[in-house]
Every structure is written in structure tokens, then in C-alpha cells.
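Below: one structure, written as C-alpha cells.
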Amino acid sequence: MTAATETLAPGAPLRLGTRASALATTQSRQVADRITELTGHPVELVHITTHGDVTRASLSSLGGTGVFATALRDALLRGECDLVVHSLKDLPTAPCPGLEISGIPLRADARDALCARDGFTLYSLPEGARVGTGSPRRIAQLYAARPDLTVIDIRGNIDTRLGRIEDDLDAVLLAAAGLGRLGRTDAITQLIDLAEWPTAPGQGALALESREGSPVSAALAALDDPHTRNSITAERAVLNALEAGCAAPVGVSTLATSTASGRGHSVTAQVYSLDGMESLTVTRELPGVLSAQALLRSEELGRDIARELLDRGAATLAPLGR
Ligand SMILES: NCc1[nH]cc(CCC(=O)O)c1CC(=O)O
């Protein structure tokens with residue numbers, strides 16, 4: 001029997017492979033519950049260890065993309081689980097042969113959040129304040145906003161990072177979505193506007209991945225949000241066409257727009273020099289989801305944005321290499 005003709009028995013249990021971190025297990029559990037709600041299949045979590053979880057190296061020194069994704073994908077290809085949940089921003093843009101992104105649920109908040117002591121914001125932090133982040137994009141954005149800040153390279157899970165605020169840092173920068181999933185929005189002192197501070201392509205969104213053509217893939221389509229998939233297609237196409245990896249100082253976000261001609265969405269991409277002193281920005285209107293060609297057009301839009309950034313010198317401004 002081929003994968004395409006296999007069917008899932010009603011109520012058959014599914015195995016969801018997950019990393020052991022609090023964020024991974026929490027978002028996996030949330031997706032598992034949603035799958036059960038929409039499809040009637042019970043979902044069991046299976047723990048998988050990844051290189052990104054065991055290394056102490058700085059994220060930027062790891063270089064290549066996909067430190068978190070590879071072990072999960074291997075487990076899926078070996079049949080140790082039936083699906084995995086990725087944070088989309090950690091997922092390499094290249095598809096993995098034999099697997100497919102079978103569902104992209106409605107995206108959570110794509111913004112970065114400042115979590116500071118004493119209610120400080122980006123602009124009220126005292127001169128020279130120590131702010132923790134390991135992301136080259138966030139480092140460049142911090143220096144651009146506040147050249148006087150001292151940026152400290154940190155790693156570790158969200159609770160470890162938040163703990164540093166009590167310890168040796170004045171603030172840390174984190175994704176609002178991760179804090180929301182862990183029930184830690186209490187730590188947020190400022191949500192930073194996407195128009196001035198675009199975040200990682202796909203930030204706040206999840207991807208459900210399963211074996212290509214499998215009955216599990218068909219079932220997971222029930223969780224897909226076409227609007228989220230559309231904007232993510234454009235955002236990731238920018239990154240892909242820039243040939244940039246997760247260590248590149250690049251922000252790409254989709255913004256809601258409201259003009260005389262109506263409401264819509266635009267994609268804005270910003271490339272920074274590592275010291276944040278220079279940047280290039282390109283913004284284009286995102287095609288809606290209603291045409292059959294929508295995803296192809298959104299992918300083309302992403303490539304157009306990247307081409308314009310490259311024409312304007314993005315590759316000399318920033319180290320883009322994967
Ligand atoms: N690279 C780490 C990572 N991957 C996904 C999230 C959580 C938010 C999301 O789903 O985008 C985080 C933590 C962070 O950046 O604060």
C-alpha cells in the first residue's frame with residue numbers, strides 16, 4: 001500500500017515528536033490538543049534531543065540553519081513519530097525531501113518584547129544598561145535604537161533568560177509569542193512595534209511537518225490558516241532569495257495596513273549592519289489569499305523584495321551567508 005492510499009483509522013493515536021524544552025513541549029501540547037479537538041485523534045508526545053539543546057555555543061557561532069530542526073526531521077523520517085511542530089523562524093527555508101509542511105496554524109504575536117527590570121522601555125533604560133540577546137538582528141536593532149546600550153550575548157531557554165533580569169542584566173529581548181505560550185507575558189515591559197522593528201521571518205508562527213503524502217498530512221490541513229501561510233511564504237522567500245541564514249541581521253514582518261483604498265497587508269524587510277548604524281528597508285504590498293495563484297505571487301513578492309535589497313547593497317552591508 002502506498003502512502004497516498006493509506007488512511008487513518010478514526011480515533012487512531014498520533015505521535016508528535018518534540019524537543020524537551022519548556023517552550024517546545026508547551027507549544028507541542030497546545031497543538032496536540034487542537035489536533036484532537038479538530039480531528040478526534042488523540043496525540044501522544046515523544047521526546048527527541050537536538051544539537052541546539054545540548055550545545056553551549058552562542059547561536060551566532062553555530063552558523064548554519066536548522067540546529068533545532070534536523071533531529072526532529074530525522075526522527076520523523078525514521079518513523080519514530082508522525083508529526084513534529086517547529087517554530088517557523090527556526091526552520092530552514094529549504095524543504096526537506098520526503099517531508100511537507102502540512103499545517104501552518106494562525107500566527108500568534110510576531111513582535112519582540114522587551115522584558116526589563118523596574119518597568120523600563122527601550123527608551124527609558126538608563127544609559128549603558130545591559131541588555132541580553134544572542135540574535136544578530138536584535139543586537140543591530142538595539143544598537144540602532146540606543147547606541148549607548150551594552151549588549152550581552154546570552155543563550156538558554158526563556159526562563160533562564162528571564163532569570164538574568166534578577167541577576168546581572170537590566171533587560172532581555174524575547175519573542176512575545178514564546179512568552180505568551182509559556183504564560184509569562186507578565187515579564188513584558190514593552191511590545192515593540194513591527195513597523196520600526198521587524199522580527200524574524202515567521203516569528204510567532206508554528207509549522208506542522210509530517211511525511212509527504214501521508215494520511216497524517218491530510219488530517220493536519222484542518223489546522224492550516226491560509227492568511228498566515230500566505231504571509232509566511234512571502235517572508236521566507238525574502239530570506240531564501242537573500243541566501244541568508246538565521247544568524248543574518250535581517251528582519252522581515254507582515255504589517256496590517258489601512259489606506260484610502262482599503263485594508264490589507266504589507267511585507268517589510270530590513271537588513272542591518274552588525275553595529276546597527278546602517279540599514280536598508282523595502283516594503284511592498286502583499287497579495288491577498290483569494291486568488292489561486294496567491295502563494296506563488298507571495299513568493300515572487302518576497303524574491304522582488306530581496307532583489308531590491310541586494311541591488312541596494314545588502315550583501316556588502318551585512319554578512320548574509322547561511
Ligand atoms: N530562536 C529561539 C526561538 N524560537 C522560537 C521562539 C519563540 C517565538 C516564536 O515562535 O517565534 C524563540 C525564542 C525567542 O526568540 O524569544
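Ligands are numbered from 1 in the order shown, residues from 1 within each chain, and chains are lettered A, B, ... in the order they appear in the C-alpha cells.
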Dump the neighbourhood of ligand 1 as a PDB file with C-alpha atoms, in the first residue's frame: all residues within 8 Å, distances computed on only C-alpha atoms and all ligand atoms.
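Saved file pocket38.pdb follows:
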```pdb
ATOM      1  CA  LEU A  23       8.646  26.130  25.036  1.00  0.00           C
ATOM      2  CA  SER A  87       8.810  27.354  15.492  1.00  0.00           C
ATOM      3  CA  LEU A  88       8.717  28.599  11.910  1.00  0.00           C
ATOM      4  CA  LYS A  89      11.506  31.087  12.448  1.00  0.00           C
ATOM      5  CA  ASP A  90      13.895  28.259  13.383  1.00  0.00           C
ATOM      6  CA  ALA A 108       0.497  34.497  17.442  1.00  0.00           C
ATOM      7  CA  ALA A 110       5.057  38.416  15.799  1.00  0.00           C
ATOM      8  CA  ASP A 112       9.674  41.277  20.002  1.00  0.00           C
ATOM      9  CA  ASN A 157      15.697  28.765  27.421  1.00  0.00           C
ATOM     10  CA  ILE A 158      13.200  31.535  28.078  1.00  0.00           C
ATOM     11  CA  LEU A 173      14.706  40.771  24.428  1.00  0.00           C
ATOM     12  CA  LEU A 174      12.437  37.849  23.601  1.00  0.00           C
ATOM     13  CA  ALA A 175       9.670  36.933  21.191  1.00  0.00           C
ATOM     14  CA  ALA A 176       6.245  37.882  22.555  1.00  0.00           C
ATOM     15  CA  ALA A 177       4.830  34.628  21.166  1.00  0.00           C
ATOM     16  CA  GLY A 178       7.112  32.399  23.212  1.00  0.00           C
ATOM     17  CA  LEU A 179       6.354  34.368  26.382  1.00  0.00           C
ATOM     18  CA  ALA A 200      12.497  37.121  12.176  1.00  0.00           C
ATOM     19  CA  GLY A 202       7.872  33.502  10.559  1.00  0.00           C
ATOM     20  CA  GLN A 203       8.251  34.705  14.150  1.00  0.00           C
ATOM     21  CA  GLY A 204       5.193  33.813  16.201  1.00  0.00           C
ATOM     22  CA  ALA A 205       4.081  31.117  13.762  1.00  0.00           C
ATOM     23  CA  LEU A 206       4.340  27.341  14.004  1.00  0.00           C
TER      24      LEU A 206
END
```
* What lies within 12 Å of Gly264 (chain A) using only C-alpha atoms, ignoring chain neighbours under 2 positions off, as a ChimeraX atom specification? -> /A:227,231,254-262,266-267,284-289
Could you save the residues just selected, with C-alpha atoms, as a CSV table (one decimal), in the first residue's frame?
```
chain,number,residue,atom,x,y,z
A,227,HIS,CA,-3.5,34.1,5.8
A,231,SER,CA,2.5,36.0,4.7
A,254,THR,CA,4.0,41.4,7.7
A,255,LEU,CA,2.1,44.5,8.8
A,256,ALA,CA,-1.6,45.2,8.7
A,257,THR,CA,-2.2,48.3,6.6
A,258,SER,CA,-5.2,50.6,6.2
A,259,THR,CA,-5.3,53.2,3.4
A,260,ALA,CA,-7.9,55.1,1.4
A,261,SER,CA,-8.2,52.0,-0.9
A,262,GLY,CA,-9.0,49.7,2.0
A,266,SER,CA,2.4,44.7,3.5
A,267,VAL,CA,5.7,42.9,3.9
A,284,ARG,CA,5.7,46.0,-0.6
A,285,GLU,CA,2.0,45.2,-0.6
A,286,LEU,CA,1.2,41.6,0.0
A,287,PRO,CA,-1.3,39.9,-2.5
A,288,GLY,CA,-4.5,38.6,-0.8
A,289,VAL,CA,-5.2,34.9,-0.3
```
As a PDB file with N, CA and C atoms, in the first residue's frame, which residues of region 37-261 of chain A does DSSP assign to strand (DSSP E)?
```pdb
ATOM      1  N   VAL A  43      -3.308  12.555  20.721  1.00  0.00           N
ATOM      2  CA  VAL A  43      -1.915  12.792  20.327  1.00  0.00           C
ATOM      3  C   VAL A  43      -1.002  12.598  21.535  1.00  0.00           C
ATOM      4  N   GLU A  44       0.035  11.772  21.313  1.00  0.00           N
ATOM      5  CA  GLU A  44       0.979  11.477  22.387  1.00  0.00           C
ATOM      6  C   GLU A  44       2.310  12.171  22.055  1.00  0.00           C
ATOM      7  N   LEU A  45       2.977  12.794  23.051  1.00  0.00           N
ATOM      8  CA  LEU A  45       4.269  13.467  22.815  1.00  0.00           C
ATOM      9  C   LEU A  45       5.425  12.487  22.972  1.00  0.00           C
ATOM     10  N   VAL A  46       6.384  12.556  22.033  1.00  0.00           N
ATOM     11  CA  VAL A  46       7.582  11.706  22.070  1.00  0.00           C
ATOM     12  C   VAL A  46       8.796  12.647  22.153  1.00  0.00           C
ATOM     13  N   HIS A  47       9.671  12.479  23.149  1.00  0.00           N
ATOM     14  CA  HIS A  47      10.801  13.415  23.322  1.00  0.00           C
ATOM     15  C   HIS A  47      11.995  13.070  22.437  1.00  0.00           C
ATOM     16  N   LEU A  83       4.398  13.353  13.401  1.00  0.00           N
ATOM     17  CA  LEU A  83       4.456  14.775  13.080  1.00  0.00           C
ATOM     18  C   LEU A  83       5.357  15.473  14.082  1.00  0.00           C
ATOM     19  N   VAL A  84       5.849  16.647  13.679  1.00  0.00           N
ATOM     20  CA  VAL A  84       6.599  17.498  14.602  1.00  0.00           C
ATOM     21  C   VAL A  84       6.084  18.923  14.457  1.00  0.00           C
ATOM     22  N   VAL A  85       6.309  19.722  15.498  1.00  0.00           N
ATOM     23  CA  VAL A  85       5.914  21.125  15.496  1.00  0.00           C
ATOM     24  C   VAL A  85       7.187  21.957  15.560  1.00  0.00           C
ATOM     25  N   HIS A  86       7.400  22.807  14.576  1.00  0.00           N
ATOM     26  CA  HIS A  86       8.563  23.699  14.590  1.00  0.00           C
ATOM     27  C   HIS A  86       8.108  25.128  14.868  1.00  0.00           C
ATOM     28  N   SER A  87       8.967  25.906  15.541  1.00  0.00           N
ATOM     29  CA  SER A  87       8.810  27.354  15.492  1.00  0.00           C
ATOM     30  C   SER A  87       9.247  27.730  14.095  1.00  0.00           C
ATOM     31  N   LEU A  99       9.381  15.109   3.350  1.00  0.00           N
ATOM     32  CA  LEU A  99       8.516  15.718   4.366  1.00  0.00           C
ATOM     33  C   LEU A  99       7.773  16.899   3.764  1.00  0.00           C
ATOM     34  N   GLU A 100       6.696  17.308   4.415  1.00  0.00           N
ATOM     35  CA  GLU A 100       5.984  18.509   3.970  1.00  0.00           C
ATOM     36  C   GLU A 100       5.431  19.283   5.163  1.00  0.00           C
ATOM     37  N   ILE A 101       5.290  20.599   4.960  1.00  0.00           N
ATOM     38  CA  ILE A 101       4.642  21.446   5.965  1.00  0.00           C
ATOM     39  C   ILE A 101       3.148  21.296   5.729  1.00  0.00           C
ATOM     40  N   SER A 102       2.504  20.500   6.558  1.00  0.00           N
ATOM     41  CA  SER A 102       1.111  20.138   6.293  1.00  0.00           C
ATOM     42  C   SER A 102       0.115  21.063   6.990  1.00  0.00           C
ATOM     43  N   GLY A 103       0.591  21.909   7.890  1.00  0.00           N
ATOM     44  CA  GLY A 103      -0.305  22.872   8.519  1.00  0.00           C
ATOM     45  C   GLY A 103       0.469  24.034   9.104  1.00  0.00           C
ATOM     46  N   ASP A 112       8.717  41.481  18.930  1.00  0.00           N
ATOM     47  CA  ASP A 112       9.674  41.277  20.002  1.00  0.00           C
ATOM     48  C   ASP A 112       9.173  42.002  21.233  1.00  0.00           C
ATOM     49  N   ALA A 113       9.543  41.461  22.393  1.00  0.00           N
ATOM     50  CA  ALA A 113       9.131  42.051  23.666  1.00  0.00           C
ATOM     51  C   ALA A 113      10.372  42.360  24.487  1.00  0.00           C
ATOM     52  N   LEU A 114      10.410  43.570  25.030  1.00  0.00           N
ATOM     53  CA  LEU A 114      11.460  43.900  25.987  1.00  0.00           C
ATOM     54  C   LEU A 114      10.958  43.508  27.374  1.00  0.00           C
ATOM     55  N   CYS A 115      11.783  42.765  28.070  1.00  0.00           N
ATOM     56  CA  CYS A 115      11.472  42.387  29.453  1.00  0.00           C
ATOM     57  C   CYS A 115      12.558  43.033  30.304  1.00  0.00           C
ATOM     58  N   ALA A 116      12.201  44.094  31.009  1.00  0.00           N
ATOM     59  CA  ALA A 116      13.207  44.874  31.728  1.00  0.00           C
ATOM     60  C   ALA A 116      12.873  44.930  33.213  1.00  0.00           C
ATOM     61  N   ARG A 130      22.552  47.073  30.524  1.00  0.00           N
ATOM     62  CA  ARG A 130      22.977  45.777  29.979  1.00  0.00           C
ATOM     63  C   ARG A 130      21.754  44.995  29.504  1.00  0.00           C
ATOM     64  N   VAL A 131      21.694  44.745  28.180  1.00  0.00           N
ATOM     65  CA  VAL A 131      20.545  44.049  27.596  1.00  0.00           C
ATOM     66  C   VAL A 131      21.011  42.743  26.967  1.00  0.00           C
ATOM     67  N   GLY A 132      20.346  41.637  27.295  1.00  0.00           N
ATOM     68  CA  GLY A 132      20.750  40.326  26.813  1.00  0.00           C
ATOM     69  C   GLY A 132      19.978  39.867  25.588  1.00  0.00           C
ATOM     70  N   THR A 150      24.723  48.319  26.401  1.00  0.00           N
ATOM     71  CA  THR A 150      25.718  47.243  26.405  1.00  0.00           C
ATOM     72  C   THR A 150      24.964  45.952  26.111  1.00  0.00           C
ATOM     73  N   VAL A 151      25.250  45.356  24.936  1.00  0.00           N
ATOM     74  CA  VAL A 151      24.530  44.139  24.577  1.00  0.00           C
ATOM     75  C   VAL A 151      25.331  42.923  25.049  1.00  0.00           C
ATOM     76  N   ILE A 152      24.664  42.051  25.790  1.00  0.00           N
ATOM     77  CA  ILE A 152      25.310  40.851  26.321  1.00  0.00           C
ATOM     78  C   ILE A 152      24.768  39.640  25.559  1.00  0.00           C
ATOM     79  N   ALA A 171      17.801  44.034  31.210  1.00  0.00           N
ATOM     80  CA  ALA A 171      16.686  43.635  30.357  1.00  0.00           C
ATOM     81  C   ALA A 171      17.107  42.498  29.435  1.00  0.00           C
ATOM     82  N   VAL A 172      16.146  41.770  28.917  1.00  0.00           N
ATOM     83  CA  VAL A 172      16.376  40.814  27.833  1.00  0.00           C
ATOM     84  C   VAL A 172      15.312  41.050  26.768  1.00  0.00           C
ATOM     85  N   LEU A 173      15.658  40.665  25.532  1.00  0.00           N
ATOM     86  CA  LEU A 173      14.706  40.771  24.428  1.00  0.00           C
ATOM     87  C   LEU A 173      14.273  39.369  24.052  1.00  0.00           C
ATOM     88  N   LEU A 174      12.961  39.170  23.947  1.00  0.00           N
ATOM     89  CA  LEU A 174      12.437  37.849  23.601  1.00  0.00           C
ATOM     90  C   LEU A 174      11.252  38.012  22.660  1.00  0.00           C
ATOM     91  N   ALA A 175      10.862  36.907  22.031  1.00  0.00           N
ATOM     92  CA  ALA A 175       9.670  36.933  21.191  1.00  0.00           C
ATOM     93  C   ALA A 175       8.427  36.926  22.074  1.00  0.00           C
ATOM     94  N   GLN A 190       7.634  46.174  27.388  1.00  0.00           N
ATOM     95  CA  GLN A 190       7.332  46.893  26.138  1.00  0.00           C
ATOM     96  C   GLN A 190       7.211  45.916  24.981  1.00  0.00           C
ATOM     97  N   LEU A 191       6.121  46.067  24.218  1.00  0.00           N
ATOM     98  CA  LEU A 191       5.977  45.325  22.967  1.00  0.00           C
ATOM     99  C   LEU A 191       6.418  46.274  21.865  1.00  0.00           C
ATOM    100  N   LEU A 206       3.887  28.729  13.871  1.00  0.00           N
ATOM    101  CA  LEU A 206       4.340  27.341  14.004  1.00  0.00           C
ATOM    102  C   LEU A 206       4.153  26.633  12.675  1.00  0.00           C
ATOM    103  N   ALA A 207       4.952  25.593  12.446  1.00  0.00           N
ATOM    104  CA  ALA A 207       4.772  24.759  11.266  1.00  0.00           C
ATOM    105  C   ALA A 207       4.592  23.323  11.726  1.00  0.00           C
ATOM    106  N   LEU A 208       3.564  22.656  11.215  1.00  0.00           N
ATOM    107  CA  LEU A 208       3.372  21.237  11.492  1.00  0.00           C
ATOM    108  C   LEU A 208       3.950  20.483  10.313  1.00  0.00           C
ATOM    109  N   GLU A 209       4.879  19.585  10.580  1.00  0.00           N
ATOM    110  CA  GLU A 209       5.535  18.853   9.497  1.00  0.00           C
ATOM    111  C   GLU A 209       5.259  17.365   9.650  1.00  0.00           C
ATOM    112  N   SER A 210       5.068  16.709   8.502  1.00  0.00           N
ATOM    113  CA  SER A 210       4.774  15.277   8.510  1.00  0.00           C
ATOM    114  C   SER A 210       5.316  14.664   7.226  1.00  0.00           C
ATOM    115  N   ARG A 211       5.243  13.313   7.120  1.00  0.00           N
ATOM    116  CA  ARG A 211       5.758  12.670   5.911  1.00  0.00           C
ATOM    117  C   ARG A 211       4.869  13.017   4.717  1.00  0.00           C
ATOM    118  N   VAL A 250      18.727  40.330   9.732  1.00  0.00           N
ATOM    119  CA  VAL A 250      17.639  40.626   8.802  1.00  0.00           C
ATOM    120  C   VAL A 250      16.303  40.484   9.529  1.00  0.00           C
ATOM    121  N   GLY A 251      15.450  41.481   9.394  1.00  0.00           N
ATOM    122  CA  GLY A 251      14.098  41.389   9.933  1.00  0.00           C
ATOM    123  C   GLY A 251      13.100  41.425   8.793  1.00  0.00           C
ATOM    124  N   VAL A 252      12.099  40.547   8.810  1.00  0.00           N
ATOM    125  CA  VAL A 252      11.051  40.550   7.777  1.00  0.00           C
ATOM    126  C   VAL A 252       9.712  40.295   8.457  1.00  0.00           C
ATOM    127  N   SER A 253       8.797  41.245   8.356  1.00  0.00           N
ATOM    128  CA  SER A 253       7.497  41.071   9.004  1.00  0.00           C
ATOM    129  C   SER A 253       6.353  41.500   8.105  1.00  0.00           C
ATOM    130  N   THR A 254       5.174  40.964   8.379  1.00  0.00           N
ATOM    131  CA  THR A 254       3.957  41.375   7.682  1.00  0.00           C
ATOM    132  C   THR A 254       3.194  42.341   8.579  1.00  0.00           C
ATOM    133  N   LEU A 255       2.801  43.474   8.015  1.00  0.00           N
ATOM    134  CA  LEU A 255       2.095  44.500   8.781  1.00  0.00           C
ATOM    135  C   LEU A 255       0.687  44.669   8.238  1.00  0.00           C
ATOM    136  N   ALA A 256      -0.262  44.890   9.129  1.00  0.00           N
ATOM    137  CA  ALA A 256      -1.616  45.231   8.686  1.00  0.00           C
ATOM    138  C   ALA A 256      -1.583  46.683   8.220  1.00  0.00           C
ATOM    139  N   THR A 257      -2.207  46.955   7.068  1.00  0.00           N
ATOM    140  CA  THR A 257      -2.223  48.325   6.556  1.00  0.00           C
ATOM    141  C   THR A 257      -3.653  48.796   6.374  1.00  0.00           C
ATOM    142  N   SER A 258      -3.832  50.085   6.447  1.00  0.00           N
ATOM    143  CA  SER A 258      -5.155  50.648   6.243  1.00  0.00           C
ATOM    144  C   SER A 258      -4.972  51.944   5.466  1.00  0.00           C
ATOM    145  N   THR A 259      -5.456  51.970   4.218  1.00  0.00           N
ATOM    146  CA  THR A 259      -5.315  53.160   3.370  1.00  0.00           C
ATOM    147  C   THR A 259      -6.672  53.543   2.816  1.00  0.00           C
TER     148      THR A 259
END
```
* Would you please work out which residue, of A:Asp148, A:Thr233, A:Leu122, A:Gly156, is nearest to Thr189 (chain A) when using only C-alpha atoms? => A:Leu122
* Asked: Got a sec: who's within 12 Å of Glu300 (chain A), counting only C-alpha atoms, leaving out chain neighbours fewer than 2 positions off, as a list of chain:residue names?
  -> A:Asn230, A:Ser231, A:Thr233, A:Ala234, A:Glu235, A:Arg236, A:Ala237, A:Val238, A:Asn240, A:Ala241, A:Arg284, A:Glu285, A:Leu286, A:Pro287, A:Gln293, A:Ala294, A:Leu295, A:Leu296, A:Arg297, A:Ser298, A:Gly302, A:Arg303, A:Asp304, A:Ile305, A:Ala306, A:Arg307
Residues from last step as file, C-alpha atoms, as a JSON list (two decimals), in the first residue's frame:
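Resulting contents of part32.json:
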```
[["chain", "number", "residue", "atom", "x", "y", "z"],
["A", 230, "ASN", "CA", 0.45, 33.48, 2.72],
["A", 231, "SER", "CA", 2.47, 35.98, 4.74],
["A", 233, "THR", "CA", 5.50, 32.36, 2.18],
["A", 234, "ALA", "CA", 6.48, 35.95, 1.34],
["A", 235, "GLU", "CA", 8.62, 36.46, 4.47],
["A", 236, "ARG", "CA", 10.56, 33.24, 3.97],
["A", 237, "ALA", "CA", 11.04, 33.92, 0.25],
["A", 238, "VAL", "CA", 12.90, 37.13, 1.20],
["A", 240, "ASN", "CA", 15.74, 32.46, 0.88],
["A", 241, "ALA", "CA", 16.46, 34.86, -2.00],
["A", 284, "ARG", "CA", 5.72, 46.01, -0.59],
["A", 285, "GLU", "CA", 2.02, 45.24, -0.57],
["A", 286, "LEU", "CA", 1.17, 41.57, 0.00],
["A", 287, "PRO", "CA", -1.30, 39.94, -2.46],
["A", 293, "GLN", "CA", -2.04, 31.88, -7.58],
["A", 294, "ALA", "CA", -1.75, 33.68, -4.23],
["A", 295, "LEU", "CA", 1.11, 31.67, -2.76],
["A", 296, "LEU", "CA", 3.15, 31.86, -5.97],
["A", 297, "ARG", "CA", 2.61, 35.61, -6.13],
["A", 298, "SER", "CA", 3.60, 36.00, -2.49],
["A", 302, "GLY", "CA", 9.47, 38.02, -1.40],
["A", 303, "ARG", "CA", 12.02, 37.47, -4.15],
["A", 304, "ASP", "CA", 11.37, 41.00, -5.51],
["A", 305, "ILE", "CA", 11.98, 42.49, -2.07],
["A", 306, "ALA", "CA", 15.25, 40.55, -1.76],
["A", 307, "ARG", "CA", 16.37, 41.59, -5.24]]
```
